[in-house]
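S.K.: My file is coords-v5.txt. It has compact mmCIF, C-alpha atoms and all ligand atoms:
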```txt
# COMPACT_ATOMS: atom_id res chain seq x y z
CA MET A 1102 20.55 -16.43 50.55
CA LYS A 1103 17.76 -15.37 52.83
CA ASN A 1104 18.14 -11.90 51.50
CA LYS A 1105 17.94 -13.11 47.91
CA VAL A 1106 14.75 -15.05 48.57
CA SER A 1107 13.06 -12.11 50.15
CA THR A 1108 14.15 -9.80 47.31
CA PHE A 1109 12.73 -12.29 44.87
CA ALA A 1110 9.51 -12.55 46.89
CA LYS A 1111 9.26 -8.77 46.99
CA SER A 1112 9.76 -8.45 43.27
CA LEU A 1113 7.06 -11.07 42.71
CA GLY A 1114 4.70 -8.99 44.81
CA LEU A 1115 5.66 -5.87 42.92
CA CYS A 1116 5.22 -7.73 39.71
CA ALA A 1117 1.65 -8.64 40.66
CA VAL A 1118 0.88 -5.00 41.39
CA LEU A 1119 2.34 -3.81 38.07
CA LEU A 1120 0.93 -6.79 36.19
CA CYS A 1121 4.53 -7.82 35.71
CA GLY A 1122 6.18 -5.21 33.57
CA VAL A 1123 8.01 -7.50 31.17
CA SER A 1124 5.15 -9.71 30.05
CA ALA A 1125 2.70 -6.80 29.95
CA ASP A 1126 5.08 -5.00 27.60
CA ALA A 1127 5.40 -8.09 25.47
CA GLU A 1128 1.62 -8.28 25.10
CA GLU A 1129 1.38 -4.63 24.21
CA GLN A 1130 3.79 -4.64 21.28
CA VAL A 1131 1.29 -3.42 18.73
CA LEU A 1132 1.87 -1.29 15.63
CA ARG A 1133 -1.09 0.84 14.56
CA VAL A 1134 -1.11 0.69 10.77
CA GLY A 1135 -3.60 2.12 8.28
CA THR A 1136 -4.51 1.00 4.78
CA GLU A 1137 -7.09 1.60 2.03
CA PRO A 1138 -8.56 -1.75 1.11
CA ALA A 1139 -9.54 -1.28 -2.55
CA PHE A 1140 -6.17 -1.83 -4.17
CA ALA A 1141 -5.90 -5.50 -5.07
CA PRO A 1142 -3.63 -7.40 -4.96
CA PHE A 1143 -1.89 -5.14 -2.44
CA GLU A 1144 -4.81 -4.64 -0.04
CA TYR A 1145 -8.41 -5.69 -0.50
CA ILE A 1146 -11.29 -7.44 1.16
CA ASP A 1147 -11.58 -11.13 0.34
CA GLU A 1148 -15.27 -11.46 -0.45
CA SER A 1149 -15.45 -15.10 0.61
CA ASN A 1150 -14.68 -14.31 4.26
CA SER A 1151 -14.64 -10.48 4.49
CA GLU A 1152 -11.00 -10.51 5.53
CA LEU A 1153 -8.49 -7.83 4.72
CA VAL A 1154 -5.78 -9.52 2.64
CA GLY A 1155 -3.04 -8.73 0.12
CA PHE A 1156 0.68 -8.47 -0.49
CA ASP A 1157 1.02 -5.34 1.67
CA ILE A 1158 -0.99 -6.92 4.48
CA ASP A 1159 1.19 -10.05 4.57
CA LEU A 1160 4.28 -7.86 4.30
CA ILE A 1161 3.52 -5.50 7.17
CA LYS A 1162 2.48 -8.40 9.42
CA ALA A 1163 5.75 -10.20 8.67
CA VAL A 1164 7.83 -7.03 9.17
CA ALA A 1165 6.18 -6.40 12.53
CA ALA A 1166 6.39 -10.05 13.62
CA ALA A 1167 10.13 -10.10 12.88
CA GLU A 1168 10.47 -7.40 15.56
CA GLY A 1169 8.02 -9.01 18.04
CA TYR A 1170 5.08 -6.77 17.17
CA SER A 1171 1.56 -7.49 16.05
CA VAL A 1172 -0.35 -5.18 13.74
CA GLU A 1173 -3.61 -3.41 14.43
CA LEU A 1174 -4.97 -2.49 11.00
CA SER A 1175 -7.37 0.39 10.37
CA GLN A 1176 -9.06 1.09 7.08
CA MET A 1177 -9.51 4.60 5.75
CA PRO A 1178 -9.66 6.51 2.46
CA PHE A 1179 -6.32 6.73 0.65
CA ASP A 1180 -6.06 10.49 1.01
CA GLY A 1181 -6.74 10.20 4.76
CA LEU A 1182 -3.78 7.91 5.49
CA ILE A 1183 -0.91 10.43 5.48
CA PRO A 1184 -2.93 12.92 7.59
CA ALA A 1185 -3.62 10.10 10.10
CA VAL A 1186 0.12 9.40 10.35
CA LEU A 1187 0.80 13.13 10.77
CA THR A 1188 -1.62 13.40 13.70
CA GLY A 1189 -0.24 10.25 15.34
CA GLN A 1190 -3.51 8.34 14.97
CA LEU A 1191 -1.46 5.81 13.00
CA GLU A 1192 2.17 4.81 13.43
CA ALA A 1193 2.45 3.68 9.83
CA ALA A 1194 0.48 3.34 6.61
CA ILE A 1195 0.85 0.74 3.88
CA ALA A 1196 -1.24 1.08 0.73
CA GLY A 1197 0.99 0.79 -2.32
CA PHE A 1198 2.39 4.24 -1.50
CA THR A 1199 4.80 5.48 -4.12
CA ILE A 1200 7.87 7.09 -2.57
CA THR A 1201 7.84 10.66 -3.89
CA ASP A 1202 9.85 13.78 -3.03
CA GLU A 1203 6.59 15.64 -2.44
CA ARG A 1204 5.42 13.11 0.18
CA LYS A 1205 8.89 12.98 1.71
CA LYS A 1206 8.45 16.61 2.74
CA ARG A 1207 5.68 15.48 5.10
CA VAL A 1208 6.46 11.89 6.11
CA ALA A 1209 9.27 9.35 6.22
CA PHE A 1210 9.33 6.21 4.08
CA SER A 1211 10.77 2.76 4.70
CA ALA A 1212 13.26 1.40 2.20
CA PRO A 1213 11.52 0.56 -1.10
CA TYR A 1214 9.74 -2.81 -0.97
CA TYR A 1215 8.11 -3.14 -4.40
CA ASP A 1216 8.85 -1.85 -7.92
CA ALA A 1217 5.72 -0.55 -9.60
CA GLY A 1218 4.70 2.21 -11.99
CA LEU A 1219 1.69 3.68 -13.72
CA GLY A 1220 -0.24 2.02 -16.50
CA VAL A 1221 -3.16 3.05 -18.68
CA LEU A 1222 -6.45 1.25 -19.24
CA VAL A 1223 -8.53 2.53 -22.16
CA LYS A 1224 -11.98 1.87 -23.52
CA ALA A 1225 -11.63 -1.03 -25.95
CA GLU A 1226 -13.23 0.98 -28.76
CA LEU A 1227 -10.38 3.53 -28.52
CA LYS A 1228 -7.73 0.84 -28.79
CA ASP A 1229 -6.65 1.91 -32.27
CA SER A 1230 -6.61 5.63 -31.60
CA ILE A 1231 -4.90 5.49 -28.17
CA LYS A 1232 -1.71 3.51 -28.66
CA ASN A 1233 0.51 5.30 -26.18
CA VAL A 1234 0.31 7.86 -23.42
CA ALA A 1235 0.77 10.82 -25.79
CA ASP A 1236 -2.43 9.80 -27.57
CA LEU A 1237 -4.32 10.44 -24.34
CA SER A 1238 -4.21 14.22 -24.80
CA GLY A 1239 -7.63 15.82 -24.82
CA HIS A 1240 -9.29 12.65 -23.48
CA SER A 1241 -11.31 12.14 -20.31
CA ILE A 1242 -9.35 10.29 -17.64
CA CYS A 1243 -10.61 8.77 -14.38
CA VAL A 1244 -8.20 8.65 -11.46
CA GLN A 1245 -8.09 7.85 -7.77
CA ILE A 1246 -7.83 10.91 -5.55
CA GLY A 1247 -4.44 11.69 -3.99
CA THR A 1248 -2.50 9.18 -6.09
CA SER A 1249 0.53 9.47 -8.33
CA GLY A 1250 -1.81 8.52 -11.22
CA ALA A 1251 -4.04 11.50 -10.44
CA LEU A 1252 -1.04 13.85 -10.49
CA TYR A 1253 0.22 12.37 -13.74
CA ALA A 1254 -3.16 12.85 -15.44
CA GLN A 1255 -3.35 16.45 -14.22
CA ASN A 1256 0.23 17.49 -14.91
CA ASP A 1257 1.55 15.32 -17.70
CA VAL A 1258 -1.34 14.66 -20.08
CA LYS A 1259 -2.11 17.61 -22.32
CA ASP A 1260 -5.66 18.97 -22.08
CA ALA A 1261 -6.89 15.96 -20.14
CA LYS A 1262 -10.33 16.14 -18.58
CA VAL A 1263 -9.65 14.55 -15.24
CA THR A 1264 -12.31 13.16 -12.89
CA GLN A 1265 -11.29 12.00 -9.43
CA PHE A 1266 -12.84 9.13 -7.48
CA ASN A 1267 -12.22 7.90 -3.96
CA THR A 1268 -11.26 4.37 -4.94
CA SER A 1269 -9.75 2.53 -7.88
CA THR A 1270 -12.88 0.34 -7.96
CA GLU A 1271 -15.01 3.38 -8.82
CA THR A 1272 -12.65 4.41 -11.62
CA TYR A 1273 -12.98 0.94 -13.19
CA MET A 1274 -16.77 1.06 -12.88
CA GLU A 1275 -16.80 4.45 -14.56
CA LEU A 1276 -14.60 3.24 -17.41
CA ALA A 1277 -16.78 0.13 -17.79
CA LYS A 1278 -19.88 2.24 -18.28
CA GLY A 1279 -18.14 4.60 -20.68
CA GLY A 1280 -17.96 7.59 -18.34
CA CYS A 1281 -14.30 8.19 -19.22
CA ASP A 1282 -11.92 7.18 -21.97
CA ALA A 1283 -9.09 5.96 -19.76
CA VAL A 1284 -7.98 5.19 -16.21
CA ILE A 1285 -4.45 5.91 -14.98
CA ASN A 1286 -3.31 4.04 -11.89
CA ASP A 1287 -0.66 1.53 -10.86
CA LYS A 1288 -0.14 -1.06 -13.60
CA PRO A 1289 0.01 -4.11 -11.29
CA VAL A 1290 -3.44 -3.12 -9.98
CA HIS A 1291 -4.80 -2.83 -13.54
CA GLU A 1292 -3.31 -6.22 -14.34
CA TYR A 1293 -4.92 -7.88 -11.33
CA TYR A 1294 -8.27 -6.26 -12.13
CA LEU A 1295 -8.14 -7.47 -15.75
CA ALA A 1296 -7.15 -10.99 -14.71
CA LYS A 1297 -9.96 -11.24 -12.13
CA THR A 1298 -12.74 -9.42 -13.93
CA LYS A 1299 -11.95 -10.12 -17.59
CA PRO A 1300 -13.83 -7.07 -18.86
CA GLN A 1301 -14.52 -7.17 -22.60
CA ASN A 1302 -14.68 -3.43 -23.06
CA MET A 1303 -11.21 -2.44 -21.77
CA HIS A 1304 -7.74 -2.56 -23.17
CA MET A 1305 -4.42 -1.97 -21.40
CA LEU A 1306 -1.49 -0.15 -22.96
CA PRO A 1307 1.46 -2.52 -22.74
CA GLU A 1308 4.01 -0.19 -21.18
CA PHE A 1309 4.67 1.21 -17.75
CA ILE A 1310 4.42 4.99 -18.21
CA THR A 1311 6.46 5.70 -15.05
CA SER A 1312 8.69 3.68 -12.78
CA GLU A 1313 7.87 4.00 -9.09
CA GLN A 1314 8.73 2.26 -5.86
CA TYR A 1315 6.48 1.54 -2.90
CA GLY A 1316 7.45 2.38 0.66
CA ILE A 1317 5.78 2.18 4.06
CA VAL A 1318 4.77 5.61 5.39
CA ILE A 1319 5.98 6.52 8.91
CA GLY A 1320 6.00 9.75 10.91
CA LYS A 1321 9.06 11.91 10.23
CA ASN A 1322 9.89 12.23 13.93
CA ASP A 1323 8.89 8.69 14.91
CA GLU A 1324 12.36 7.18 14.99
CA LYS A 1325 11.17 4.20 17.01
CA THR A 1326 8.72 3.03 14.32
CA GLN A 1327 11.19 3.88 11.56
CA GLN A 1328 13.75 1.66 13.25
CA ILE A 1329 11.30 -1.24 13.85
CA ILE A 1330 10.22 -1.21 10.21
CA ALA A 1331 13.75 -0.82 8.83
CA SER A 1332 15.00 -3.73 10.89
CA GLY A 1333 11.94 -5.96 10.29
CA LEU A 1334 12.04 -5.35 6.54
CA LYS A 1335 15.74 -6.17 6.38
CA LYS A 1336 15.19 -9.39 8.36
CA ILE A 1337 12.37 -10.67 6.14
CA GLN A 1338 14.33 -9.79 3.01
CA GLN A 1339 17.27 -11.79 4.31
CA ASN A 1340 15.42 -14.82 5.70
CA GLY A 1341 13.32 -15.61 2.62
CA THR A 1342 9.96 -14.46 4.03
CA TYR A 1343 9.80 -11.52 1.61
CA ASN A 1344 10.35 -13.86 -1.32
CA SER A 1345 7.64 -16.28 -0.23
CA ILE A 1346 5.14 -13.44 0.20
CA TYR A 1347 6.13 -12.10 -3.23
CA GLU A 1348 5.67 -15.52 -4.82
CA LYS A 1349 2.31 -16.04 -3.13
CA TRP A 1350 0.94 -12.89 -4.82
CA PHE A 1351 2.93 -12.49 -8.02
CA GLY A 1352 4.60 -15.81 -8.78
CA ALA A 1353 8.35 -16.35 -8.90
CA LYS A 1354 10.47 -13.22 -9.29
CA LYS A 1355 11.86 -12.71 -12.78
N1 LIG A 1401 1.05 4.12 -5.95
C1 LIG A 1401 0.04 5.13 -6.05
C2 LIG A 1401 0.35 6.27 -5.13
O1 LIG A 1401 1.11 6.14 -4.24
C3 LIG A 1401 -1.36 4.59 -5.77
C4 LIG A 1401 -1.56 4.05 -4.40
C5 LIG A 1401 -2.99 3.66 -4.06
O2 LIG A 1401 -3.92 4.05 -4.74
N2 LIG A 1401 -3.20 2.92 -3.01
O3 LIG A 1401 -0.15 7.32 -5.26
```
Using structure tokens, write down the structure that the file contains.

M.R.:
Amino acid sequence: MKNKVSTFAKSLGLCAVLLCGVSADAEEQVLRVGTEPAFAPFEYIDESNSELVGFDIDLIKAVAAAEGYSVELSQMPFDGLIPAVLTGQLEAAIAGFTITDERKKRVAFSAPYYDAGLGVLVKAELKDSIKNVADLSGHSICVQIGTSGALYAQNDVKDAKVTQFNTSTETYMELAKGGCDAVINDKPVHEYYLAKTKPQNMHMLPEFITSEQYGIVIGKNDEKTQQIIASGLKKIQQNGTYNSIYEKWFGAKK
């Protein structure tokens, strides 16, 4: 007994010196995650309080929390996110990233967490001449740099004159002032923009022109983070948290 007490006392002393390993670890469970906050409703700044909000933001916080982690979010340009994961500055990135084979050569992805796809916004005055994506050939198209929409405009639209911008917001501004005939980007983002802004001079083609899935970007060799995110995502999909986040941003699932 005496022995036990003194061992306990010693470990308390040791604990004080090391700031008590266990609780210090618990406090330091932080995931460093990057995003690009001009992609509503997935990630954007709420103008009423300057907070970073969105479906992806709620999702990554819930995924991390399910594994006992908190999230430290950094904001950077979209085309800087994968490089920041590659250098280890970030452990993960969430920004409506489409899972593509090209990206998979450089980084790992979580399981898909959202079904999306590209859509086309056109100048309202071209509504009758641009009825589908084939009609876009020869037209000027604004895109966001480094995105699947940018690649589509460059590779799949015949004779397109493509101009790249850093953010989706700038592409919409350019379309609004007539600087391009169309914008190609993720359709849910177009939809949210139209619903919020109600621009009179834009028209959206009804169809998805691609079908894509979003995944969380993680370092290829970072098995620890891959495992945390895989397990957290599975938990929130099973316990209903994913569904409530989905409903908060998009309404009930069809
Ligand atoms: N889903 C598109 C992509 O991955 C656009 C993402 C974004 O602009 N945030 O390229």

S.K.: For ligand LIG 1401 (chain A), list the contacting residues at 6 Å or closer, counting only C-alpha atoms and all ligand atoms, as a VMD selection string.

M.R.: chain A and resid 1140 1196 to 1199 1248 to 1249 1287

S.K.: Please determine, counting only C-alpha atoms, which residue among A:Ile1146, A:Leu1276, A:Leu1174, A:Leu1153 has the shortest atom-to-atom distance to Leu1227 in chain A.

M.R.: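 Residue with the minimum atom-to-atom distance to Leu1227 in chain A: A:Leu1276.
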
S.K.: Please provide as a VMD selection string all residues within 10 Å of Val1223 in chain A, with the sequence filter that same-chain residues fewer than 2 positions apart are discarded (counting all atoms listed in the file).

M.R.: chain A and resid 1221 1225 to 1228 1231 to 1232 1237 1242 1276 to 1277 1279 1281 to 1285 1302 to 1306

S.K.: What is the distance, in Å and to one decimal place, between CA of Gly1333 in chain A and CA of Glu1313 in chain A?

M.R.: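 CA of Glu1313 in chain A lies at a distance of 22.2 Å from CA of Gly1333 in chain A.
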
S.K.: Quick one: of A:Tyr1215, A:Gln1301, A:Val1208, A:Phe1143, who's nearest to Tyr1343 in chain A, counting all atoms listed in the file?

M.R.: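 Residue with the minimum atom-to-atom distance to Tyr1343 in chain A: A:Tyr1215.
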
S.K.: Could you jot down the CA of Ala1331 in chain A to CA of Asn1344 in chain A separation for me, Å, one decimal place?

M.R.: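 According to the coordinates, CA of Ala1331 in chain A and CA of Asn1344 in chain A are separated by 16.9 Å.
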
S.K.: Give me the residues within 10 Å of range 1317-1327 of chain A as a PyMOL selection string, counting all atoms listed in the file and dropping any in the same chain fewer than 2 places off.

M.R.: chain A and resi 1132+1134-1135+1157+1161+1165+1182-1183+1185-1189+1191-1200+1204-1214+1315+1329-1333

S.K.: Tell me, in Å to one decimal, how far CA of Gly1250 in chain A is from CA of Asn1286 in chain A.

M.R.: 4.8 Å

S.K.: Between A:Glu1152, A:Gly1169, A:Asp1159, A:Ser1238, which has the minimum distance to Ser1345 in chain A (counting only C-alpha atoms)?

M.R.: A:Asp1159

S.K.: Pick the closest to Gly1280 in chain A from A:Pro1178, A:Cys1243, A:Glu1173, A:Asn1340: which is it, counting only C-alpha atoms?

M.R.: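 Comparing A:Pro1178, A:Cys1243, A:Glu1173, A:Asn1340 against Gly1280 in chain A, the winner is A:Cys1243.
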
S.K.: Nearest to Phe1156 in chain A among A:Gln1176, A:Thr1201, A:Ser1312, A:Thr1342, with distances taken over only C-alpha atoms: which residue is it?

M.R.: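 Closest to Phe1156 in chain A, using only C-alpha atoms: A:Thr1342.
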
S.K.: My list of candidates is A:Ala1141, A:Val1234, A:Asn1150, A:Thr1136. Which is closest to Lys1297 in chain A when distances are computed with only C-alpha atoms?

M.R.: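 Of A:Ala1141, A:Val1234, A:Asn1150, A:Thr1136, the one nearest Lys1297 in chain A is A:Ala1141, counting only C-alpha atoms.
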